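> Hey, dropping entry-v1.tsv in here, TSV, C-alpha atoms and all ligand atoms:
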chain	number	residue	atom	x	y	z
A	1	MET	CA	161.10	-5.78	20.57
A	2	ILE	CA	158.13	-3.49	20.12
A	3	ASN	CA	158.62	0.23	19.66
A	4	LEU	CA	156.06	1.74	22.01
A	5	ASN	CA	156.26	5.08	20.23
A	6	THR	CA	153.93	3.55	17.67
A	7	TYR	CA	151.49	3.14	20.57
A	8	GLY	CA	151.83	6.77	21.58
A	9	TRP	CA	154.70	6.58	24.10
A	10	ASN	CA	156.83	9.74	24.19
A	11	GLU	CA	159.37	11.67	26.21
A	12	ARG	CA	156.76	13.42	28.30
A	13	LEU	CA	155.19	10.12	29.35
A	14	ASN	CA	158.67	8.90	30.15
A	15	GLN	CA	159.12	11.84	32.51
A	16	LEU	CA	155.83	11.02	34.19
A	17	LYS	CA	157.07	7.48	34.63
A	18	GLN	CA	160.28	8.68	36.28
A	19	ALA	CA	158.16	10.32	38.97
A	20	SER	CA	156.77	6.94	40.00
A	21	ALA	CA	158.21	4.98	42.89
A	22	HIS	CA	158.20	2.02	40.50
A	23	SER	CA	160.04	3.70	37.64
A	24	ALA	CA	162.53	0.84	37.41
A	25	LEU	CA	159.83	-1.58	36.30
A	26	VAL	CA	158.28	-2.15	32.87
A	27	HIS	CA	155.67	0.19	31.37
A	28	GLY	CA	152.94	-0.54	28.89
A	29	ARG	CA	149.58	0.54	27.55
A	30	ILE	CA	146.32	-1.20	28.28
A	31	SER	CA	144.68	-2.54	25.13
A	32	ILE	CA	141.63	-4.12	26.67
A	33	VAL	CA	140.12	-4.81	30.08
A	34	ASN	CA	138.21	-7.99	30.84
A	35	ARG	CA	136.85	-7.70	34.35
A	36	THR	CA	140.00	-7.91	36.49
A	37	CYS	CA	142.32	-8.96	33.68
A	38	TYR	CA	144.23	-6.27	31.83
A	39	GLU	CA	145.92	-6.88	28.50
A	40	VAL	CA	149.00	-4.70	28.29
A	41	ILE	CA	151.32	-4.04	25.35
A	42	SER	CA	154.94	-3.42	26.38
A	43	GLU	CA	158.31	-3.30	24.67
A	44	SER	CA	158.63	-7.05	25.09
A	45	GLY	CA	155.15	-7.93	23.85
A	46	TRP	CA	151.70	-8.63	25.25
A	47	PHE	CA	151.12	-9.34	28.92
A	48	LEU	CA	148.04	-10.39	30.84
A	49	CYS	CA	148.09	-8.45	34.08
A	50	GLU	CA	146.19	-8.05	37.30
A	51	LEU	CA	146.21	-5.19	39.77
A	52	THR	CA	147.95	-5.24	43.13
A	53	GLY	CA	145.64	-4.84	46.10
A	54	ASN	CA	147.18	-1.43	46.66
A	55	MET	CA	146.05	-0.23	43.25
A	56	MET	CA	142.46	-1.15	44.04
A	57	TYR	CA	142.33	-0.02	47.64
A	58	GLY	CA	139.88	2.81	48.32
A	59	LYS	CA	139.29	3.44	44.62
A	60	SER	CA	136.07	3.83	42.72
A	61	ASP	CA	135.69	1.77	39.55
A	62	PHE	CA	136.29	4.74	37.28
A	63	GLU	CA	139.71	5.31	38.83
A	64	LEU	CA	140.95	1.84	37.90
A	65	PRO	CA	142.89	1.55	34.63
A	66	CYS	CA	140.92	1.53	31.38
A	67	THR	CA	141.84	0.98	27.74
A	68	GLY	CA	144.49	3.48	26.70
A	69	ASP	CA	145.92	4.05	30.17
A	70	TRP	CA	149.67	3.74	30.69
A	71	VAL	CA	150.68	1.46	33.55
A	72	ILE	CA	153.80	0.16	35.26
A	73	PHE	CA	153.98	-3.54	35.98
A	74	GLN	CA	156.14	-6.33	37.33
A	75	PRO	CA	156.32	-9.16	34.77
A	76	PHE	CA	156.40	-12.80	35.83
A	77	ASP	CA	156.31	-16.11	33.95
A	78	GLU	CA	156.37	-15.57	30.24
A	79	ASN	CA	153.52	-13.16	29.64
A	80	LYS	CA	151.91	-12.38	32.96
A	81	GLY	CA	152.27	-9.35	35.16
A	82	ILE	CA	151.11	-7.40	38.18
A	83	ILE	CA	150.23	-3.75	37.67
A	84	VAL	CA	151.71	-1.65	40.47
A	85	ASP	CA	151.14	1.89	39.25
A	86	MET	CA	149.38	3.96	36.66
A	87	LEU	CA	150.54	7.21	35.08
A	88	PRO	CA	148.37	10.24	35.89
A	89	ARG	CA	145.38	10.23	33.61
A	90	GLU	CA	144.96	12.66	30.75
A	91	ARG	CA	142.22	13.20	28.19
A	92	THR	CA	139.98	10.45	29.48
A	93	LEU	CA	136.56	9.90	28.01
A	94	TYR	CA	133.98	9.14	30.68
A	95	ARG	CA	130.30	8.47	30.66
A	96	LYS	CA	127.78	8.11	33.41
A	97	LYS	CA	127.49	4.50	34.45
A	98	SER	CA	124.01	3.36	33.50
A	99	GLY	CA	121.66	2.77	36.36
A	100	THR	CA	123.52	5.15	38.68
A	101	ILE	CA	123.02	8.80	39.55
A	102	ALA	CA	126.57	10.02	39.73
A	103	ASP	CA	128.96	7.19	39.02
A	104	LYS	CA	131.41	7.61	36.20
A	105	GLN	CA	132.78	4.96	33.93
A	106	ALA	CA	136.05	5.42	32.09
A	107	ILE	CA	135.89	4.47	28.41
A	108	ALA	CA	139.38	5.30	27.17
A	109	SER	CA	142.39	7.36	28.22
A	110	TYR	CA	145.07	9.42	26.52
A	111	VAL	CA	142.70	10.03	23.65
A	112	ASP	CA	143.43	12.69	21.03
A	113	LYS	CA	140.36	12.32	18.86
A	114	ALA	CA	136.97	10.76	19.40
A	115	LEU	CA	135.02	9.67	16.34
A	116	ILE	CA	131.29	9.86	16.95
A	117	VAL	CA	129.99	7.25	14.54
A	118	GLN	CA	126.38	7.21	13.41
A	119	SER	CA	124.90	5.43	10.43
A	120	LEU	CA	122.84	7.29	7.86
A	121	ASP	CA	119.75	5.24	8.49
A	122	ASP	CA	117.51	5.19	11.55
A	123	ASN	CA	120.52	5.61	13.78
A	124	PHE	CA	121.26	9.18	12.71
A	125	ASN	CA	120.33	11.45	15.58
A	126	VAL	CA	121.62	14.99	16.03
A	127	ARG	CA	120.68	15.14	19.69
A	128	ARG	CA	122.74	12.06	20.42
A	129	ALA	CA	125.68	13.52	18.48
A	130	GLU	CA	125.47	16.66	20.64
A	131	ARG	CA	125.49	14.52	23.76
A	132	PHE	CA	128.69	12.76	22.71
A	133	MET	CA	130.25	16.02	21.58
A	134	VAL	CA	129.83	17.83	24.90
A	135	GLN	CA	131.28	14.93	26.85
A	136	ILE	CA	134.23	14.68	24.45
A	137	LEU	CA	134.97	18.41	24.56
A	138	GLU	CA	134.79	18.32	28.36
A	139	ALA	CA	137.73	15.90	28.29
A	140	ASN	CA	139.78	18.12	25.97
A	141	ILE	CA	139.51	15.56	23.20
A	142	LYS	CA	138.85	16.62	19.60
A	143	PRO	CA	135.45	15.43	18.38
A	144	VAL	CA	134.85	14.21	14.82
A	145	LEU	CA	131.49	13.24	13.38
A	146	VAL	CA	131.49	10.20	11.09
A	147	LEU	CA	128.26	9.52	9.23
A	148	ASN	CA	128.62	5.96	7.97
A	149	LYS	CA	126.71	3.72	5.54
A	150	ALA	CA	126.61	6.55	3.01
A	151	ASP	CA	126.02	3.86	0.37
A	152	LEU	CA	122.50	3.36	1.67
A	153	GLY	CA	121.17	6.55	0.15
A	154	PHE	CA	120.19	9.56	2.24
A	155	ASP	CA	118.98	13.11	1.93
A	156	ARG	CA	122.24	15.01	2.20
A	157	PRO	CA	120.87	18.59	2.20
A	158	LYS	CA	118.46	17.65	4.96
A	159	ILE	CA	121.23	16.12	7.06
A	160	GLU	CA	123.51	19.08	6.46
A	161	GLU	CA	120.81	21.46	7.61
A	162	GLN	CA	120.40	19.51	10.84
A	163	ILE	CA	124.09	19.39	11.67
A	164	LYS	CA	125.21	22.84	10.62
A	165	HIS	CA	125.78	23.96	14.22
A	166	LEU	CA	127.90	20.84	14.80
A	167	ALA	CA	129.92	21.54	11.67
A	168	ARG	CA	131.30	24.64	13.38
A	169	ARG	CA	132.62	22.50	16.22
A	170	MET	CA	134.02	19.46	14.46
A	171	PRO	CA	134.98	18.00	11.11
A	172	ILE	CA	132.35	15.79	9.50
A	173	PHE	CA	132.96	12.79	7.26
A	174	TYR	CA	130.46	10.84	5.18
A	175	THR	CA	131.78	7.30	4.87
A	176	SER	CA	130.92	3.86	3.59
A	177	ILE	CA	133.01	0.77	3.98
A	178	HIS	CA	131.84	-0.13	0.46
A	179	LEU	CA	133.19	3.09	-1.04
A	180	PRO	CA	136.97	3.21	-0.49
A	181	GLU	CA	137.18	6.79	-1.74
A	182	THR	CA	135.13	7.85	1.32
A	183	ILE	CA	137.53	6.11	3.72
A	184	LEU	CA	140.62	7.81	2.32
A	185	PRO	CA	139.94	11.35	3.67
A	186	LEU	CA	139.21	9.90	7.12
A	187	ARG	CA	142.41	7.87	7.01
A	188	GLU	CA	144.39	10.96	6.02
A	189	SER	CA	142.92	12.97	8.88
A	190	ILE	CA	144.57	10.67	11.42
A	191	SER	CA	148.22	11.28	12.11
A	192	LYS	CA	151.06	9.20	13.44
A	193	GLY	CA	151.00	8.45	17.17
A	194	GLU	CA	147.51	9.89	17.55
A	195	THR	CA	145.01	7.94	19.68
A	196	VAL	CA	141.54	7.77	18.18
A	197	VAL	CA	138.54	6.30	19.96
A	198	PHE	CA	135.34	5.20	18.18
A	199	VAL	CA	132.06	5.76	19.99
A	200	GLY	CA	128.45	5.25	18.97
A	201	SER	CA	125.60	2.76	19.04
A	202	SER	CA	126.09	-0.86	18.25
A	203	GLY	CA	125.70	-1.77	14.57
A	204	VAL	CA	126.67	1.59	13.06
A	205	GLY	CA	129.91	0.18	11.65
A	206	LYS	CA	132.60	1.16	14.16
A	207	SER	CA	134.51	-2.10	13.92
A	208	SER	CA	134.02	-2.21	10.14
A	209	LEU	CA	135.50	1.29	9.89
A	210	VAL	CA	138.50	0.31	12.00
A	211	ASN	CA	139.10	-2.60	9.65
A	212	ALA	CA	138.66	-0.39	6.59
A	213	LEU	CA	141.11	2.17	7.98
A	214	CYS	CA	143.65	-0.57	8.72
A	215	LYS	CA	142.97	-2.16	5.32
A	216	LYS	CA	142.64	-5.55	6.97
A	217	SER	CA	140.34	-7.45	9.30
A	218	VAL	CA	141.84	-6.71	12.68
A	219	LEU	CA	138.54	-6.60	14.51
A	220	LEU	CA	135.45	-8.72	14.49
A	221	THR	CA	132.37	-7.09	13.07
A	222	SER	CA	128.88	-8.36	13.67
A	223	ASP	CA	128.99	-10.10	10.24
A	224	ILE	CA	131.93	-12.27	11.16
A	225	SER	CA	130.79	-13.18	14.63
A	226	LEU	CA	127.36	-14.11	13.27
A	227	SER	CA	128.66	-16.30	10.49
A	228	THR	CA	131.09	-18.25	12.65
A	229	GLY	CA	128.87	-18.25	15.69
A	230	LYS	CA	131.88	-17.62	17.87
A	231	GLY	CA	134.77	-15.21	17.99
A	232	ARG	CA	133.56	-12.70	20.53
A	233	HIS	CA	135.18	-14.68	23.28
A	234	THR	CA	138.49	-15.48	21.63
A	235	SER	CA	141.49	-14.26	23.56
A	236	THR	CA	142.70	-12.31	20.53
A	237	ARG	CA	139.90	-9.79	20.84
A	238	ARG	CA	141.43	-6.34	21.13
A	239	GLU	CA	140.04	-2.92	21.39
A	240	MET	CA	143.26	-1.18	20.47
A	241	VAL	CA	144.80	-1.64	17.04
A	242	LEU	CA	147.45	0.14	15.01
A	243	MET	CA	147.10	1.72	11.60
A	244	ASP	CA	150.26	1.27	9.54
A	245	PHE	CA	152.60	4.22	10.21
A	246	SER	CA	149.71	6.18	11.63
A	247	GLY	CA	147.32	6.32	14.55
A	248	ILE	CA	146.24	4.05	17.38
A	249	LEU	CA	142.59	3.11	17.06
A	250	ILE	CA	140.41	2.16	20.02
A	251	ASP	CA	137.11	0.47	19.24
A	252	THR	CA	134.39	0.37	21.87
A	253	PRO	CA	131.35	-1.83	22.18
A	254	GLY	CA	128.18	0.11	21.47
A	255	VAL	CA	126.38	1.56	24.43
A	256	ARG	CA	122.63	1.80	24.65
A	257	GLU	CA	122.70	4.95	26.67
A	258	PHE	CA	125.41	7.57	26.93
A	259	GLY	CA	124.74	9.57	30.08
A	260	LEU	CA	126.69	12.75	30.73
A	261	ALA	CA	129.39	12.71	33.39
A	262	ILE	CA	130.25	16.41	33.35
A	263	ASP	CA	131.48	18.35	36.36
A	264	ASN	CA	130.96	21.79	34.90
A	265	PRO	CA	127.44	22.25	33.47
A	266	ASP	CA	128.25	25.85	32.49
A	267	SER	CA	130.59	24.60	29.78
A	268	LEU	CA	127.59	23.45	27.74
A	269	ALA	CA	126.46	26.97	26.91
A	270	GLU	CA	129.67	27.64	25.08
A	271	VAL	CA	129.82	24.32	23.30
A	272	LEU	CA	126.26	24.61	22.00
A	273	GLU	CA	126.79	28.28	21.14
A	274	ILE	CA	124.17	29.51	23.58
A	275	SER	CA	126.79	31.68	25.25
A	276	ASP	CA	127.13	33.84	22.11
A	277	TYR	CA	123.68	35.19	22.94
A	278	ALA	CA	123.64	34.60	26.70
A	279	LYS	CA	126.22	37.33	27.27
A	280	LEU	CA	123.71	39.83	25.87
A	281	CYS	CA	120.91	38.91	28.30
A	282	ARG	CA	119.67	41.71	30.55
A	283	PHE	CA	120.20	39.72	33.74
A	284	LYS	CA	123.52	38.18	34.60
A	285	ASP	CA	121.93	35.12	36.16
A	286	CYS	CA	119.41	34.71	33.34
A	287	GLU	CA	118.33	31.10	32.93
A	288	HIS	CA	117.08	31.78	29.41
A	289	ILE	CA	113.64	30.39	30.07
A	290	ASN	CA	111.21	33.31	30.32
A	291	GLU	CA	113.13	36.28	31.70
A	292	PRO	CA	112.57	39.70	30.16
A	293	GLY	CA	115.43	40.85	27.99
A	294	CYS	CA	116.69	37.32	27.41
A	295	ALA	CA	118.86	37.43	24.30
A	296	VAL	CA	118.75	33.66	23.90
A	297	ILE	CA	114.96	33.62	23.57
A	298	GLU	CA	115.19	36.65	21.25
A	299	ALA	CA	117.69	34.78	19.08
A	300	ILE	CA	115.28	31.85	18.81
A	301	ASN	CA	112.38	34.11	17.91
A	302	ALA	CA	114.51	35.84	15.30
A	303	GLY	CA	115.40	32.48	13.79
A	304	LYS	CA	119.08	32.90	14.61
A	305	LEU	CA	119.20	30.03	17.07
A	306	ASP	CA	117.59	26.65	16.40
A	307	HIS	CA	114.85	25.93	18.89
A	308	LYS	CA	115.80	22.26	18.95
A	309	VAL	CA	119.42	23.05	19.82
A	310	TYR	CA	118.16	25.27	22.63
A	311	GLU	CA	115.92	22.50	23.98
A	312	SER	CA	118.79	20.08	23.74
A	313	TYR	CA	120.96	22.54	25.66
A	314	LEU	CA	118.40	22.81	28.47
A	315	LYS	CA	118.07	19.04	28.70
A	316	LEU	CA	121.81	18.34	28.68
A	317	GLN	CA	122.47	21.14	31.13
A	318	ARG	CA	119.90	19.78	33.56
A	319	GLU	CA	121.46	16.34	33.23
A	320	ALA	CA	125.00	17.64	33.77
A	321	TRP	CA	123.85	19.72	36.71
A	322	HIS	CA	122.19	16.68	38.25
A	323	PHE	CA	125.35	14.62	37.81
A	324	SER	CA	127.72	17.23	39.19
A	325	THR	CA	125.65	18.15	42.25
A	326	SER	CA	125.09	14.47	43.11
A	327	GLU	CA	128.79	13.88	42.66
A	328	HIS	CA	129.72	16.78	44.94
A	329	GLU	CA	127.19	15.60	47.47
A	330	LYS	CA	128.70	12.13	47.40
A	331	ARG	CA	132.19	13.51	47.87
A	332	ARG	CA	131.03	15.67	50.76
A	333	LYS	CA	129.43	12.66	52.43
A	334	GLY	CA	132.55	10.61	51.74
A	335	LYS	CA	134.61	13.28	53.42
A	336	SER	CA	132.42	13.58	56.47
A	337	PHE	CA	132.48	9.82	56.83
A	338	ALA	CA	136.29	9.84	56.76
A	339	LYS	CA	136.22	12.65	59.32
A	340	LEU	CA	133.93	10.60	61.52
A	341	ILE	CA	136.34	7.67	61.42
A	342	ASP	CA	139.17	10.02	62.35
A	343	GLU	CA	137.20	11.29	65.29
A	344	VAL	CA	136.39	7.78	66.46
A	345	LYS	CA	140.08	6.89	66.24
A	346	LYS	CA	141.08	9.95	68.26
A	347	TYR	CA	138.38	9.19	70.76
A	348	LYS	CA	139.65	5.63	71.15
A	349	SER	CA	143.28	6.70	71.48
A	350	ASN	CA	142.31	8.75	74.52
A	351	PHE	CA	141.76	5.54	76.43
B	401	LIG	N1	125.73	-0.78	3.99
B	401	LIG	C1	126.71	-0.63	4.84
B	401	LIG	N2	126.83	-1.51	5.87
B	401	LIG	C2	127.86	-1.33	6.73
B	401	LIG	C3	128.77	-0.26	6.61
B	401	LIG	N3	129.64	-0.33	7.66
B	401	LIG	C4	129.29	-1.41	8.38
B	401	LIG	N4	128.21	-2.02	7.83
B	401	LIG	C5	127.52	-3.21	8.33
B	401	LIG	O1	126.87	-2.90	9.56
B	401	LIG	C6	126.89	-4.01	10.44
B	401	LIG	C7	127.49	-3.63	11.78
B	401	LIG	O2	128.86	-3.34	11.60
B	401	LIG	P1	129.91	-3.36	12.81
B	401	LIG	O3	131.20	-2.87	12.28
B	401	LIG	O4	129.91	-4.69	13.48
B	401	LIG	O5	129.23	-2.28	13.76
B	401	LIG	P2	129.67	-1.84	15.26
B	401	LIG	O6	128.73	-2.55	16.17
B	401	LIG	O7	129.47	-0.36	15.31
B	401	LIG	O8	131.09	-2.24	15.45
B	401	LIG	C8	127.68	-5.11	9.72
B	401	LIG	O9	126.75	-5.97	9.09
B	401	LIG	C9	128.48	-4.33	8.68
B	401	LIG	O10	128.79	-5.08	7.55
B	401	LIG	C10	128.62	0.64	5.52
B	401	LIG	O11	129.37	1.61	5.32
B	401	LIG	N5	127.57	0.41	4.67
B	402	MG	MG	131.91	-3.46	16.93
B	403	ZN	ZN	118.80	34.70	28.83
Could you quickly redo this structure as structure tokens?
Ligand SMILES: Nc1nc2c(ncn2[C@@H]2O[C@H](COP(=O)(O)OP(=O)(O)O)[C@@H](O)[C@H]2O)c(=O)[nH]1
Ligand SMILES: [Mg+2]
Ligand SMILES: [Zn+2]

Amino acid sequence: MINLNTYGWNERLNQLKQASAHSALVHGRISIVNRTCYEVISESGWFLCELTGNMMYGKSDFELPCTGDWVIFQPFDENKGIIVDMLPRERTLYRKKSGTIADKQAIASYVDKALIVQSLDDNFNVRRAERFMVQILEANIKPVLVLNKADLGFDRPKIEEQIKHLARRMPIFYTSIHLPETILPLRESISKGETVVFVGSSGVGKSSLVNALCKKSVLLTSDISLSTGKGRHTSTRREMVLMDFSGILIDTPGVREFGLAIDNPDSLAEVLEISDYAKLCRFKDCEHINEPGCAVIEAINAGKLDHKVYESYLKLQREAWHFSTSEHEKRRKGKSFAKLIDEVKKYKSNF
């Protein structure tokens, strides 16, 4: 018997379950999704599940369960099941699906902390860290910046100068899997029952860090899969692993591009500390580009606000605005299409 509390189950989730029409069935948490196959951990062990047609009907991809979601399922055979319901989502990390204008993709759900992992070599990129941070804060998840491969040698004062505005928003750790004393503070920052997701480019050491935090090889890193030439496709691959008496870690494959999927572009001003100055602008609807009396531009000229952060803000805001307006537009069209169908039905029923 597995105690699901170690996977984050609690009384509140139990109450949410009671509200489901399927509350008499088994619940569990999704540990990985492979196309249409969901691996679910429940009190009686691991199950490979599929969705009922009802769960898929009329849904966009991002609404289907993802790693970390809590689901209710009907077990059959020894370790198979059919998912019939999903608890209402909370603290879900999304990104824009690459190649689309306004489609979201769910990365992980019921997340407490998101570790933005970058390596202290060519991968280190403040602008990319900002991008992750705004998306994470949008989901009410706590961001953490983890700068890995600290053993490689780097210019610490220079890095600190570049990330000082981020340091006000999130804790920062310098780590190396080869220096155990750098892993310890990160391990201690994670508490029992807390769900922690690792995001960042491929090769920065996410899986290695998960292993180092768990003090054992629970995940495959690129070293292992290269040396054995296999492994990536074994059925034991998991994204979700447990730290002893501590948190629940969710590893993610690296993404090439992390597009914003933010519904409220205005939130960026606060996150990137533009709003501190923006409230002092002469015009209420100031866009902080070239208006007279713009306190944001003044702050840049006075050296109080980093020009690069400001440029980053403009870029991210434009991107978020593009996503949210396209999304609203899509919803509006979706609605009018549904209305049209209704009208056709009414029209037909008159005959
Ligand atoms: N020098 C150094 N190499 C590391 C460190 N962490 C991970 N690596 C190496 O970086 C490569 C990619 O690691 P992996 O965990 O697979 O990265 P992931 O793609 O982010 O999961 C592997 O060869 C690791 O051994 C570190 O702290 N220092
Ligand atoms: Mg990995
Ligand atoms: Zn302004």
> So which one's closest to Ser176 of chain A, A:Gly153, A:Gly81, A:Pro292, A:Gly8? Using only C-alpha atoms, please.
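Among the listed residues, the smallest separation from Ser176 of chain A belongs to A:Gly153.
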> I'd like a table as a tab-separated table: residues in chain A with an atom no more than 10 Å from ligand LIG 401 (chain B), each row giving the shortest atom pair and its distance in Å to one decimal, only C-alpha atoms and all ligand atoms counted, sorted by chain and rising residue number.

residue	atom	partner	partner_atom	distance
A:Val117	CA	B:LIG401	O7	7.7
A:Gln118	CA	B:LIG401	O7	8.4
A:Ser119	CA	B:LIG401	O11	7.8
A:Leu120	CA	B:LIG401	N5	8.9
A:Asp121	CA	B:LIG401	N1	9.6
A:Leu147	CA	B:LIG401	O11	8.9
A:Asn148	CA	B:LIG401	O11	5.1
A:Lys149	CA	B:LIG401	O11	3.4
A:Ala150	CA	B:LIG401	O11	6.1
A:Asp151	CA	B:LIG401	N5	5.7
A:Leu152	CA	B:LIG401	N1	5.7
A:Gly153	CA	B:LIG401	N1	9.4
A:Tyr174	CA	B:LIG401	O11	9.3
A:Thr175	CA	B:LIG401	O11	6.2
A:Ser176	CA	B:LIG401	O11	3.2
A:Ile177	CA	B:LIG401	O11	4.0
A:His178	CA	B:LIG401	O11	5.7
A:Leu179	CA	B:LIG401	O11	7.6
A:Pro180	CA	B:LIG401	O11	9.7
A:Thr182	CA	B:LIG401	O11	9.4
A:Ile183	CA	B:LIG401	O11	9.5
A:Phe198	CA	B:LIG401	O7	8.6
A:Val199	CA	B:LIG401	O7	8.1
A:Gly200	CA	B:LIG401	O7	6.8
A:Ser201	CA	B:LIG401	O7	6.2
A:Ser202	CA	B:LIG401	O6	3.8
A:Gly203	CA	B:LIG401	O6	3.5
A:Val204	CA	B:LIG401	O7	4.1
A:Gly205	CA	B:LIG401	O5	3.3
A:Lys206	CA	B:LIG401	O7	3.7
A:Ser207	CA	B:LIG401	O8	3.7
A:Ser208	CA	B:LIG401	O3	3.6
A:Leu209	CA	B:LIG401	O3	6.4
A:Val210	CA	B:LIG401	O3	8.0
A:Asn211	CA	B:LIG401	O3	8.3
A:Ala212	CA	B:LIG401	N3	9.1
A:Leu219	CA	B:LIG401	O3	8.5
A:Leu220	CA	B:LIG401	O4	6.9
A:Thr221	CA	B:LIG401	O4	3.5
A:Ser222	CA	B:LIG401	O4	3.8
A:Asp223	CA	B:LIG401	O9	4.8
A:Ile224	CA	B:LIG401	O4	8.2
A:Ser225	CA	B:LIG401	O4	8.6
A:Leu226	CA	B:LIG401	O9	9.2
A:Asp251	CA	B:LIG401	O8	7.6
A:Thr252	CA	B:LIG401	O8	7.7
A:Pro253	CA	B:LIG401	O6	6.6
A:Gly254	CA	B:LIG401	O6	6.0
A:Val255	CA	B:LIG401	O6	9.5
> Looking at only C-alpha atoms and all ligand atoms, which of A:Arg89, A:Val218, A:Tyr57, A:Phe76 is the one that sits closest to ligand MG 402 (chain B)?
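Of A:Arg89, A:Val218, A:Tyr57, A:Phe76, the one nearest ligand MG 402 (chain B) is A:Val218, counting only C-alpha atoms and all ligand atoms.
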> Name each residue within 12 Å of ligand ZN 403 (chain B), counting all atoms listed in the file, as an MDAnalysis selection string.
chainID A and resid 269 274:300 310 314
> To one decimal place in Å, what is the distance between atom CA of Ile136 of chain A and atom CA of Thr6 of chain A?
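Spanning atom CA of Ile136 of chain A to atom CA of Thr6 of chain A is a straight-line distance of 23.6 Å.
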